[in-house]
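Below is the file protein_31.pdb, which contains PDB, C-alpha atoms.
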ATOM      1  CA  MET Y 113      41.172-148.299 228.198
ATOM      2  CA  SER Y 114      41.058-148.821 231.975
ATOM      3  CA  SER Y 115      42.004-151.840 234.054
ATOM      4  CA  PHE Y 116      42.669-153.079 237.577
ATOM      5  CA  ARG Y 117      44.840-155.690 239.244
ATOM      6  CA  GLN Y 118      44.278-157.060 242.749
ATOM      7  CA  ASN Y 119      46.251-159.187 245.207
ATOM      8  CA  LEU Y 120      49.588-157.855 244.083
ATOM      9  CA  SER Y 121      52.225-158.036 246.808
ATOM     10  CA  ASP Y 122      54.469-155.303 248.176
ATOM     11  CA  GLU Y 123      56.595-156.775 250.975
ATOM     12  CA  GLY Y 124      53.680-159.033 251.909
ATOM     13  CA  LEU Y 125      51.064-156.252 251.687
ATOM     14  CA  GLU Y 126      48.090-156.502 249.354
ATOM     15  CA  ARG Y 127      48.198-153.873 246.615
ATOM     16  CA  ILE Y 128      45.401-152.855 244.256
ATOM     17  CA  GLN Y 129      46.401-151.126 241.035
ATOM     18  CA  LEU Y 130      44.042-149.032 238.900
ATOM     19  CA  ARG Y 131      45.053-147.868 235.419
ATOM     20  CA  SER Y 132      43.539-145.545 232.868
ATOM     21  CA  GLN Y 133      44.963-144.314 229.598
ATOM     22  CA  ALA Y 134      46.763-141.459 231.381
ATOM     23  CA  LEU Y 135      47.086-142.444 235.049
ATOM     24  CA  GLU Y 136      48.066-145.263 237.375
ATOM     25  CA  LEU Y 137      47.051-145.418 241.044
ATOM     26  CA  SER Y 138      47.800-148.007 243.728
ATOM     27  CA  VAL Y 139      46.076-148.655 247.058
ATOM     28  CA  LEU Y 140      47.303-150.571 250.114
ATOM     29  CA  PRO Y 141      44.129-151.780 251.907
ATOM     30  CA  GLY Y 142      46.114-153.181 254.849
ATOM     31  CA  VAL Y 143      47.860-149.867 255.565
ATOM     32  CA  GLY Y 144      44.857-147.737 256.447
ATOM     33  CA  GLY Y 145      43.589-147.784 252.865
ATOM     34  CA  LYS Y 146      46.620-145.729 251.841
ATOM     35  CA  ILE Y 147      46.841-144.498 248.248
ATOM     36  CA  PHE Y 148      50.535-145.082 247.673
ATOM     37  CA  ASP Y 149      51.066-144.124 244.032
ATOM     38  CA  LEU Y 150      49.535-141.553 241.717
ATOM     39  CA  ILE Y 151      51.520-141.798 238.490
ATOM     40  CA  ASP Y 152      51.057-139.721 235.377
ATOM     41  CA  ARG Y 153      51.808-142.293 232.679
ATOM     42  CA  ARG Y 154      52.475-139.552 230.110
ATOM     43  CA  SER Y 155      55.466-138.177 232.038
ATOM     44  CA  GLY Y 156      56.267-141.079 234.375
ATOM     45  CA  ARG Y 157      56.008-138.769 237.396
ATOM     46  CA  ASN Y 158      54.701-140.168 240.677
ATOM     47  CA  TRP Y 159      53.016-137.206 242.351
ATOM     48  CA  LEU Y 160      52.949-138.902 245.767
ATOM     49  CA  TRP Y 161      56.036-138.648 247.947
ATOM     50  CA  HIS Y 162      57.598-141.829 249.348
ATOM     51  CA  ASN Y 163      59.763-141.802 252.447
ATOM     52  CA  PRO Y 164      63.067-143.385 251.334
ATOM     53  CA  HIS Y 165      63.743-144.452 254.933
ATOM     54  CA  LEU Y 166      60.364-146.038 255.826
ATOM     55  CA  ALA Y 167      58.514-148.663 253.810
ATOM     56  CA  PRO Y 168      54.751-149.074 254.324
ATOM     57  CA  THR Y 169      53.907-151.471 257.147
ATOM     58  CA  ARG Y 170      50.730-152.725 258.761
ATOM     59  CA  PRO Y 171      49.657-150.480 261.654
ATOM     60  CA  HIS Y 172      49.738-151.970 265.116
ATOM     61  CA  PRO Y 173      48.543-150.695 268.507
ATOM     62  CA  ASN Y 174      50.805-148.075 270.105
ATOM     63  CA  ALA Y 175      52.853-147.632 266.919
ATOM     64  CA  ASP Y 176      54.885-144.430 266.723
ATOM     65  CA  PHE Y 177      53.588-142.777 263.546
ATOM     66  CA  ASN Y 178      56.730-140.758 262.808
ATOM     67  CA  LEU Y 179      59.124-143.637 263.392
ATOM     68  CA  GLU Y 180      57.068-146.451 261.854
ATOM     69  CA  GLN Y 181      54.127-145.258 259.737
ATOM     70  CA  ASP Y 182      55.191-142.035 257.992
ATOM     71  CA  SER Y 183      55.929-143.823 254.719
ATOM     72  CA  GLY Y 184      54.288-141.235 252.472
ATOM     73  CA  GLY Y 185      51.467-141.541 249.971
ATOM     74  CA  TRP Y 186      47.901-140.440 250.717
ATOM     75  CA  ASP Y 187      46.211-141.229 254.039
ATOM     76  CA  GLU Y 188      42.645-140.447 255.091
ATOM     77  CA  ILE Y 189      42.500-138.588 258.418
ATOM     78  CA  LEU Y 190      39.346-139.037 260.507
ATOM     79  CA  LEU Y 191      38.342-137.738 263.975
ATOM     80  CA  SER Y 192      41.692-135.966 264.570
ATOM     81  CA  THR Y 193      45.144-135.498 263.080
ATOM     82  CA  SER Y 194      46.855-135.116 266.451
ATOM     83  CA  PRO Y 195      46.279-137.736 269.168
ATOM     84  CA  ALA Y 196      43.155-136.816 271.119
ATOM     85  CA  ASP Y 197      40.688-137.952 273.762
ATOM     86  CA  ILE Y 198      37.097-136.947 272.941
ATOM     87  CA  GLU Y 199      34.518-136.981 275.729
ATOM     88  CA  THR Y 200      31.044-137.918 274.489
ATOM     89  CA  ASP Y 201      27.630-136.877 275.805
ATOM     90  CA  ALA Y 202      27.349-140.320 277.384
ATOM     91  CA  GLY Y 203      30.483-139.690 279.442
ATOM     92  CA  THR Y 204      32.628-142.140 277.501
ATOM     93  CA  VAL Y 205      35.960-141.209 275.930
ATOM     94  CA  LEU Y 206      36.892-141.776 272.285
ATOM     95  CA  ARG Y 207      40.660-142.240 272.097
ATOM     96  CA  VAL Y 208      42.061-141.226 268.711
ATOM     97  CA  SER Y 209      45.610-142.184 267.753
ATOM     98  CA  ASP Y 210      48.162-140.066 265.886
ATOM     99  CA  HIS Y 211      47.021-139.275 262.325
ATOM    100  CA  GLY Y 212      43.494-140.397 262.972
ATOM    101  CA  ASP Y 213      41.279-143.390 263.489
ATOM    102  CA  LEU Y 214      41.313-144.791 259.957
ATOM    103  CA  LEU Y 215      44.968-145.769 260.079
ATOM    104  CA  GLY Y 216      44.148-148.686 262.377
ATOM    105  CA  ALA Y 217      40.644-149.378 261.069
ATOM    106  CA  ASP Y 218      39.542-152.524 259.229
ATOM    107  CA  TRP Y 219      39.189-151.762 255.503
ATOM    108  CA  SER Y 220      37.214-153.884 253.022
ATOM    109  CA  VAL Y 221      37.040-153.770 249.229
ATOM    110  CA  GLU Y 222      33.352-153.504 248.292
ATOM    111  CA  GLY Y 223      33.749-153.091 244.546
ATOM    112  CA  LEU Y 224      36.505-153.219 241.948
ATOM    113  CA  HIS Y 225      35.845-152.967 238.239
ATOM    114  CA  ALA Y 226      37.023-151.517 234.928
ATOM    115  CA  GLY Y 227      36.546-152.052 231.225
ATOM    116  CA  PRO Y 228      37.649-151.007 227.729
ATOM    117  CA  ASP Y 229      35.149-148.124 227.589
ATOM    118  CA  ALA Y 230      34.681-147.584 231.322
ATOM    119  CA  ASP Y 231      36.351-145.964 234.304
ATOM    120  CA  ALA Y 232      38.539-147.893 236.764
ATOM    121  CA  VAL Y 233      36.796-147.965 240.150
ATOM    122  CA  CYS Y 234      37.830-149.058 243.656
ATOM    123  CA  ASP Y 235      35.106-148.809 246.314
ATOM    124  CA  MET Y 236      36.210-149.405 249.923
ATOM    125  CA  THR Y 237      34.743-149.106 253.411
ATOM    126  CA  ALA Y 238      36.284-148.921 256.873
ATOM    127  CA  ILE Y 239      34.728-149.647 260.260
ATOM    128  CA  GLY Y 240      35.595-147.323 263.119
ATOM    129  CA  ALA Y 241      38.031-148.266 265.852
ATOM    130  CA  ALA Y 242      37.553-145.407 268.349
ATOM    131  CA  ALA Y 243      33.868-144.830 267.513
ATOM    132  CA  VAL Y 244      30.985-146.678 265.867
ATOM    133  CA  TYR Y 245      30.913-145.428 262.285
ATOM    134  CA  ARG Y 246      31.243-146.578 258.682
ATOM    135  CA  PHE Y 247      33.546-144.689 256.306
ATOM    136  CA  ARG Y 248      33.289-145.108 252.549
ATOM    137  CA  ARG Y 249      35.697-143.989 249.836
ATOM    138  CA  CYS Y 250      35.140-144.610 246.140
ATOM    139  CA  ILE Y 251      38.091-143.906 243.824
ATOM    140  CA  ARG Y 252      37.326-143.472 240.142
ATOM    141  CA  LEU Y 253      39.956-143.055 237.401
ATOM    142  CA  LEU Y 254      38.233-141.614 234.360
ATOM    143  CA  GLY Y 255      38.934-143.658 231.275
ATOM    144  CA  ASP Y 256      39.194-140.743 228.860
ATOM    145  CA  ARG Y 257      40.780-137.952 230.945
ATOM    146  CA  PRO Y 258      43.716-137.611 233.413
ATOM    147  CA  VAL Y 259      41.248-137.209 236.283
ATOM    148  CA  VAL Y 260      40.725-138.967 239.629
ATOM    149  CA  LYS Y 261      37.396-138.569 241.410
ATOM    150  CA  LEU Y 262      37.014-139.480 245.078
ATOM    151  CA  ASP Y 263      33.582-139.736 246.703
ATOM    152  CA  TYR Y 264      33.311-140.024 250.477
ATOM    153  CA  ALA Y 265      30.596-140.879 252.998
ATOM    154  CA  LEU Y 266      30.721-141.010 256.808
ATOM    155  CA  SER Y 267      27.820-142.682 258.662
ATOM    156  CA  ASN Y 268      27.360-142.578 262.423
ATOM    157  CA  GLU Y 269      26.150-146.074 263.349
ATOM    158  CA  GLY Y 270      26.494-145.545 267.094
ATOM    159  CA  ALA Y 271      24.321-144.064 269.833
ATOM    160  CA  THR Y 272      26.253-140.831 270.479
ATOM    161  CA  PRO Y 273      27.306-137.896 268.260
ATOM    162  CA  VAL Y 274      30.684-138.142 266.518
ATOM    163  CA  PRO Y 275      32.813-135.098 265.604
ATOM    164  CA  CYS Y 276      32.742-134.565 261.843
ATOM    165  CA  TYR Y 277      36.500-134.198 261.428
ATOM    166  CA  TRP Y 278      38.155-135.266 258.184
ATOM    167  CA  CYS Y 279      40.973-134.127 255.970
ATOM    168  CA  ALA Y 280      42.785-135.574 253.003
ATOM    169  CA  HIS Y 281      46.461-136.228 253.696
ATOM    170  CA  PRO Y 282      48.345-136.631 250.408
ATOM    171  CA  LEU Y 283      52.070-135.913 250.648
ATOM    172  CA  LEU Y 284      53.214-134.571 247.300
ATOM    173  CA  ALA Y 285      56.678-135.057 245.838
ATOM    174  CA  VAL Y 286      57.399-131.413 245.095
ATOM    175  CA  GLU Y 287      60.727-129.936 244.012
ATOM    176  CA  ARG Y 288      62.615-126.686 244.461
ATOM    177  CA  GLY Y 289      60.736-123.910 242.720
ATOM    178  CA  SER Y 290      57.336-125.588 242.998
ATOM    179  CA  ALA Y 291      54.452-123.166 243.491
ATOM    180  CA  ILE Y 292      51.162-123.412 245.386
ATOM    181  CA  GLY Y 293      48.265-121.784 243.561
ATOM    182  CA  ILE Y 294      45.731-120.268 245.980
ATOM    183  CA  PRO Y 295      44.134-116.820 245.487
ATOM    184  CA  GLY Y 296      45.925-114.057 247.376
ATOM    185  CA  ASN Y 297      44.867-112.407 250.629
ATOM    186  CA  MET Y 298      43.019-115.451 251.980
ATOM    187  CA  PRO Y 299      43.168-115.609 255.803
ATOM    188  CA  LEU Y 300      45.389-118.300 257.253
ATOM    189  CA  ARG Y 301      45.979-119.931 260.601
ATOM    190  CA  VAL Y 302      49.396-121.281 261.603
ATOM    191  CA  GLU Y 303      49.482-124.339 263.863
ATOM    192  CA  ASP Y 304      51.334-123.760 267.160
ATOM    193  CA  ALA Y 305      50.967-119.983 266.776
ATOM    194  CA  PRO Y 306      49.853-117.927 269.820
ATOM    195  CA  ALA Y 307      46.347-118.770 270.987
ATOM    196  CA  GLN Y 308      43.526-117.753 268.670
ATOM    197  CA  THR Y 309      39.918-117.955 269.751
ATOM    198  CA  GLY Y 310      36.520-118.046 268.129
ATOM    199  CA  ARG Y 311      35.069-120.107 265.315
ATOM    200  CA  GLY Y 312      37.822-120.450 262.730
ATOM    201  CA  ASP Y 313      39.583-117.229 263.786
ATOM    202  CA  CYS Y 314      42.964-116.691 262.175
ATOM    203  CA  SER Y 315      46.088-114.743 262.834
ATOM    204  CA  THR Y 316      46.702-111.498 260.979
ATOM    205  CA  GLN Y 317      48.713-113.363 258.351
ATOM    206  CA  ARG Y 318      47.319-113.587 254.846
ATOM    207  CA  TRP Y 319      48.205-115.886 251.994
ATOM    208  CA  PRO Y 320      50.756-116.040 250.395
ATOM    209  CA  GLU Y 321      53.149-114.322 252.849
ATOM    210  CA  LEU Y 322      54.333-116.662 255.604
ATOM    211  CA  GLN Y 323      56.274-115.046 258.427
ATOM    212  CA  LEU Y 324      59.163-117.164 259.684
ATOM    213  CA  GLU Y 325      61.099-117.030 262.924
ATOM    214  CA  GLY Y 326      63.633-114.216 263.089
ATOM    215  CA  GLY Y 327      61.587-111.813 260.980
ATOM    216  CA  ASP Y 328      62.098-113.591 257.670
ATOM    217  CA  SER Y 329      59.172-114.228 255.347
ATOM    218  CA  VAL Y 330      58.529-116.311 252.261
ATOM    219  CA  ASN Y 331      56.068-115.846 249.417
ATOM    220  CA  LEU Y 332      54.736-119.358 249.062
ATOM    221  CA  ALA Y 333      52.718-118.581 245.956
ATOM    222  CA  GLU Y 334      55.871-117.740 244.006
ATOM    223  CA  SER Y 335      58.168-120.544 245.053
ATOM    224  CA  PHE Y 336      57.967-123.478 247.423
ATOM    225  CA  GLY Y 337      61.662-124.330 247.490
ATOM    226  CA  ILE Y 338      63.927-121.750 249.114
ATOM    227  CA  LYS Y 339      67.625-122.021 248.354
ATOM    228  CA  GLY Y 340      70.134-122.006 251.171
ATOM    229  CA  ALA Y 341      70.282-124.157 254.295
ATOM    230  CA  ALA Y 342      69.623-121.162 256.542
ATOM    231  CA  ARG Y 343      66.131-120.838 255.039
ATOM    232  CA  ARG Y 344      64.995-124.359 255.825
ATOM    233  CA  PHE Y 345      61.620-124.524 257.550
ATOM    234  CA  ALA Y 346      58.604-126.747 258.161
ATOM    235  CA  LYS Y 347      55.155-125.356 258.940
ATOM    236  CA  LYS Y 348      51.580-126.565 259.180
ATOM    237  CA  LEU Y 349      48.977-123.959 258.340
ATOM    238  CA  PHE Y 350      45.378-123.668 257.211
ATOM    239  CA  VAL Y 351      44.136-121.322 254.488
ATOM    240  CA  ARG Y 352      40.506-120.463 253.839
ATOM    241  CA  SER Y 353      39.253-122.426 250.839
ATOM    242  CA  PRO Y 354      38.793-120.198 247.779
ATOM    243  CA  ASP Y 355      35.279-119.672 246.444
ATOM    244  CA  SER Y 356      36.282-121.586 243.316
ATOM    245  CA  GLY Y 357      37.150-124.645 245.409
ATOM    246  CA  SER Y 358      40.252-125.089 243.273
ATOM    247  CA  VAL Y 359      43.897-125.187 244.381
ATOM    248  CA  GLU Y 360      46.911-126.208 242.352
ATOM    249  CA  VAL Y 361      50.533-127.226 242.632
ATOM    250  CA  ARG Y 362      52.867-126.295 239.788
ATOM    251  CA  LEU Y 363      56.298-127.818 239.246
ATOM    252  CA  ASN Y 364      59.341-126.252 237.574
ATOM    253  CA  ASP Y 365      58.104-127.406 234.204
ATOM    254  CA  PRO Y 366      54.979-125.209 233.852
ATOM    255  CA  ARG Y 367      53.242-127.977 231.918
ATOM    256  CA  GLU Y 368      53.236-130.222 235.002
ATOM    257  CA  GLN Y 369      50.423-129.311 237.368
ATOM    258  CA  LEU Y 370      48.103-130.973 239.852
ATOM    259  CA  VAL Y 371      44.728-129.274 240.277
ATOM    260  CA  MET Y 372      42.514-130.288 243.209
ATOM    261  CA  THR Y 373      38.845-129.250 243.165
ATOM    262  CA  PHE Y 374      36.189-129.557 245.882
ATOM    263  CA  ASP Y 375      33.125-127.826 247.324
ATOM    264  CA  PRO Y 376      34.328-125.083 249.734
ATOM    265  CA  ASP Y 377      31.066-125.355 251.680
ATOM    266  CA  GLU Y 378      31.893-128.989 252.448
ATOM    267  CA  LEU Y 379      35.631-128.392 252.975
ATOM    268  CA  PRO Y 380      36.080-124.748 254.074
ATOM    269  CA  TRP Y 381      39.826-124.971 254.800
ATOM    270  CA  VAL Y 382      42.955-126.130 252.995
ATOM    271  CA  GLY Y 383      45.589-127.556 255.305
ATOM    272  CA  LEU Y 384      49.164-127.203 254.076
ATOM    273  CA  TRP Y 385      52.083-129.129 255.533
ATOM    274  CA  ILE Y 386      55.024-127.273 254.001
ATOM    275  CA  ASN Y 387      58.289-129.088 254.628
ATOM    276  CA  ASN Y 388      61.152-127.268 252.946
ATOM    277  CA  ARG Y 389      63.912-129.563 254.215
ATOM    278  CA  GLY Y 390      63.020-128.487 257.754
ATOM    279  CA  TRP Y 391      61.761-131.703 259.378
ATOM    280  CA  SER Y 392      62.097-135.462 259.523
ATOM    281  CA  GLY Y 393      60.296-137.602 262.067
ATOM    282  CA  CYS Y 394      62.374-140.733 261.519
ATOM    283  CA  GLY Y 395      65.812-139.285 262.301
ATOM    284  CA  SER Y 396      66.923-138.927 258.687
ATOM    285  CA  GLU Y 397      68.125-135.827 256.882
ATOM    286  CA  PRO Y 398      65.119-133.458 256.530
ATOM    287  CA  TYR Y 399      63.397-133.706 253.185
ATOM    288  CA  LEU Y 400      61.137-131.783 250.833
ATOM    289  CA  ASN Y 401      57.416-132.547 250.603
ATOM    290  CA  LEU Y 402      54.019-130.881 250.650
ATOM    291  CA  GLY Y 403      50.784-131.957 252.295
ATOM    292  CA  LEU Y 404      47.778-130.597 250.368
ATOM    293  CA  GLU Y 405      44.876-131.243 252.736
ATOM    294  CA  PRO Y 406      41.308-129.989 252.177
ATOM    295  CA  SER Y 407      39.777-130.043 255.634
ATOM    296  CA  MET Y 408      36.548-129.614 257.556
ATOM    297  CA  THR Y 409      38.231-127.584 260.305
ATOM    298  CA  PRO Y 410      41.383-125.426 260.694
ATOM    299  CA  TYR Y 411      42.925-127.472 263.521
ATOM    300  CA  ASP Y 412      45.136-130.552 263.686
ATOM    301  CA  SER Y 413      43.648-131.369 267.092
ATOM    302  CA  VAL Y 414      39.943-132.139 267.287
ATOM    303  CA  SER Y 415      40.124-131.091 270.949
ATOM    304  CA  GLU Y 416      41.169-127.586 269.867
ATOM    305  CA  ALA Y 417      38.481-127.550 267.198
ATOM    306  CA  ILE Y 418      35.834-128.440 269.791
ATOM    307  CA  ALA Y 419      37.150-125.854 272.261
ATOM    308  CA  ASN Y 420      36.988-123.162 269.557
ATOM    309  CA  ASP Y 421      33.531-124.190 268.298
ATOM    310  CA  ALA Y 422      35.057-125.019 264.915
ATOM    311  CA  ILE Y 423      33.611-128.497 264.448
ATOM    312  CA  GLU Y 424      30.277-129.960 263.396
ATOM    313  CA  TRP Y 425      28.846-133.135 264.899
ATOM    314  CA  LEU Y 426      27.381-136.154 263.163
ATOM    315  CA  GLU Y 427      24.284-137.353 264.997
ATOM    316  CA  PRO Y 428      23.391-141.060 265.400
ATOM    317  CA  GLY Y 429      21.981-142.407 262.142
ATOM    318  CA  GLU Y 430      23.229-139.409 260.152
ATOM    319  CA  THR Y 431      25.428-139.632 257.033
ATOM    320  CA  ARG Y 432      27.599-136.900 255.548
ATOM    321  CA  THR Y 433      28.998-136.977 252.008
ATOM    322  CA  TRP Y 434      31.661-134.959 250.188
ATOM    323  CA  ALA Y 435      33.955-135.281 247.175
ATOM    324  CA  LEU Y 436      37.315-134.329 245.661
ATOM    325  CA  GLN Y 437      38.645-134.268 242.131
ATOM    326  CA  LEU Y 438      42.246-134.309 240.929
ATOM    327  CA  GLU Y 439      43.343-133.442 237.420
ATOM    328  CA  LEU Y 440      46.948-133.844 236.261
ATOM    329  CA  TYR Y 441      48.586-131.836 233.509
ATOM    330  CA  ALA Y 442      51.773-132.908 231.750
TER     331      ALA Y 442
END

Could you quickly redo this structure as structure tokens?
Amino acid sequence: MSSFRQNLSDEGLERIQLRSQALELSVLPGVGGKIFDLIDRRSGRNWLWHNPHLAPTRPHPNADFNLEQDSGGWDEILLSTSPADIETDAGTVLRVSDHGDLLGADWSVEGLHAGPDADAVCDMTAIGAAAVYRFRRCIRLLGDRPVVKLDYALSNEGATPVPCYWCAHPLLAVERGSAIGIPGNMPLRVEDAPAQTGRGDCSTQRWPELQLEGGDSVNLAESFGIKGAARRFAKKLFVRSPDSGSVEVRLNDPREQLVMTFDPDELPWVGLWINNRGWSGCGSEPYLNLGLEPSMTPYDSVSEAIANDAIEWLEPGETRTWALQLELYA
């Protein structure tokens, strides 16, 4: 049995709620199309982290993302994660704000339906702000399984090429002892590490060992949460997508898992924002969360991706499609 509800209100924001037998998901169309809740109804767990100090608000020009918009949930990042200016072949400049162009884009609900023997579906599109494009995301909650399918399409409706830069940006509500399941020895790139050149080149580090400042290291595959205030850290890194296209997050209860699956040819990198009580952008006590971010390129900045020949371009009239699947275990 699946269902949907529309025009619900959260502090004056429209909220769409999808429900299946096992899952509940909510979307805030007015906040960059943010997926704000992903609840396993069997356990009651909301897998998406919420910032206890920042409620979702409508984006506005020149907003400070960390101080005003970092409310948690799942955002879609397009054109760049870091603020960037992209020079086009025509000599114009595409100005991309912090955490991408979709945050301030106009989103529309194109389709919303469910039924007793059907899936719950929310189909939305967004029109570009910095460039002339159309972005489509279709969310489907399967009626008979604890599975979410997301289908994406990006169409260049302008006259100049657009960088094909996208990553998912779900912030997961992990806990001490949570584990990240990625096959060992995959090359990784750490953001803000010494300069690395060439298409997708990485440092000498290999998953799951992450070297920390001062010579310390942590095995991220064994345990996400490190005890002791002296071991607090926050890092953004990119790991090569495994051939299986499957990554997982396991909680302390081994029955509770989130498995994300995708095509590694479409999304060749997995971005990881690992915040082990090492960072807060809003001035609060640092917290614990995990960004699990399949990505088209191993850079937060599209400018760096372009400089390192690690980006593909979408030509005028061209459309690119890709997909993700989430399965929850309880």

Counting all atoms listed in the file, which residue out of Y:Ile292, Y:Val208, Y:Leu332, Y:Ala435 sits closest to Y:Pro195?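 Closest residue, counting all atoms listed in the file: Y:Val208.
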
Any idea what's packed within 9 Å of stretch 175-192 of chain Y, counting all atoms listed in the file, ignoring anything in its chain fewer than 4 positions away? Could you give it as number ranges by chain? Y: 143-150, 159-171, 196, 208-215, 242, 274-284, 392-395, 411-415

Counting all atoms listed in the file, which of Y:Ser358, Y:Asn174, Y:Ser267, Y:Asn401 gets nearest to Y:Trp381?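 Checking each candidate against Y:Trp381, we get Y:Ser358 as the closest.
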
Do a neighbour search on Y:Leu262 at 9 Å with only C-alpha atoms, toss out local chain neighbours closer than 6 positions, and write the hits as a list of chain:residue names. Y:Arg249, Y:Cys250, Y:Ile251, Y:Arg252, Y:Leu253, Y:Trp434, Y:Ala435, Y:Leu436, Y:Gln437, Y:Leu438

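Evaluated against this file, the PyMOL selection byres ((chain Y and resi 320) around 7) yields Gly296, Asn297, Arg318, Trp319, Glu321, Leu322, Asn331, Leu332 and Ala333 of chain Y.
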
If I take atom CA of Y:Leu137 and atom CA of Y:Asn119, how far is one from the other in Å, to one decimal?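 Those two atoms sit 14.4 Å apart.
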
Between Y:Leu440, Y:Ala419, Y:Val361, Y:Val302, which is the closest to Y:Gly383 once you count all atoms listed in the file?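 Checking each candidate against Y:Gly383, we get Y:Val302 as the closest.
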
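Of the residues listed (Y:Trp391, Y:Phe116, Y:Trp425, Y:Phe350), Y:Phe350 shows the shortest atom-to-atom separation from Y:Ile294; distances use only C-alpha atoms.
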
Could you tell me which residues the PyMOL selection byres ((chain Y and resi 204) around 12) grabs in this file, written as a VMD selection string? chain Y and resid 197 to 203 205 to 207 242 to 243 271 to 274

Just so the selection is clear, what residues does the PyMOL selection byres ((chain Y and resi 355-357) around 12) cover here, as a PDB file with C-alpha atoms, in the coordinates of the input?
ATOM      1  CA  GLY Y 293      48.265-121.784 243.561  1.00  0.00           C
ATOM      2  CA  ILE Y 294      45.731-120.268 245.980  1.00  0.00           C
ATOM      3  CA  PRO Y 295      44.134-116.820 245.487  1.00  0.00           C
ATOM      4  CA  MET Y 298      43.019-115.451 251.980  1.00  0.00           C
ATOM      5  CA  VAL Y 351      44.136-121.322 254.488  1.00  0.00           C
ATOM      6  CA  ARG Y 352      40.506-120.463 253.839  1.00  0.00           C
ATOM      7  CA  SER Y 353      39.253-122.426 250.839  1.00  0.00           C
ATOM      8  CA  PRO Y 354      38.793-120.198 247.779  1.00  0.00           C
ATOM      9  CA  SER Y 358      40.252-125.089 243.273  1.00  0.00           C
ATOM     10  CA  VAL Y 359      43.897-125.187 244.381  1.00  0.00           C
ATOM     11  CA  GLU Y 360      46.911-126.208 242.352  1.00  0.00           C
ATOM     12  CA  VAL Y 371      44.728-129.274 240.277  1.00  0.00           C
ATOM     13  CA  MET Y 372      42.514-130.288 243.209  1.00  0.00           C
ATOM     14  CA  THR Y 373      38.845-129.250 243.165  1.00  0.00           C
ATOM     15  CA  PHE Y 374      36.189-129.557 245.882  1.00  0.00           C
ATOM     16  CA  ASP Y 375      33.125-127.826 247.324  1.00  0.00           C
ATOM     17  CA  PRO Y 376      34.328-125.083 249.734  1.00  0.00           C
ATOM     18  CA  ASP Y 377      31.066-125.355 251.680  1.00  0.00           C
ATOM     19  CA  GLU Y 378      31.893-128.989 252.448  1.00  0.00           C
ATOM     20  CA  LEU Y 379      35.631-128.392 252.975  1.00  0.00           C
ATOM     21  CA  PRO Y 380      36.080-124.748 254.074  1.00  0.00           C
ATOM     22  CA  TRP Y 381      39.826-124.971 254.800  1.00  0.00           C
ATOM     23  CA  VAL Y 382      42.955-126.130 252.995  1.00  0.00           C
ATOM     24  CA  PRO Y 406      41.308-129.989 252.177  1.00  0.00           C
ATOM     25  CA  SER Y 407      39.777-130.043 255.634  1.00  0.00           C
ATOM     26  CA  ALA Y 435      33.955-135.281 247.175  1.00  0.00           C
ATOM     27  CA  LEU Y 436      37.315-134.329 245.661  1.00  0.00           C
ATOM     28  CA  GLN Y 437      38.645-134.268 242.131  1.00  0.00           C
ATOM     29  CA  LEU Y 438      42.246-134.309 240.929  1.00  0.00           C
TER      30      LEU Y 438
END

So how many Å separate atom CA of Y:Ser290 and atom CA of Y:Ser138, to one decimal? 24.4 Å

Would you list the residues near (38.5, -154.7, 253.1) (no more than 12 Å away, in the coordinates of the file, using all atoms listed in the file) as a ChimeraX atom specification? /Y:119,126-128,139-145,217-224,234-239,247-249
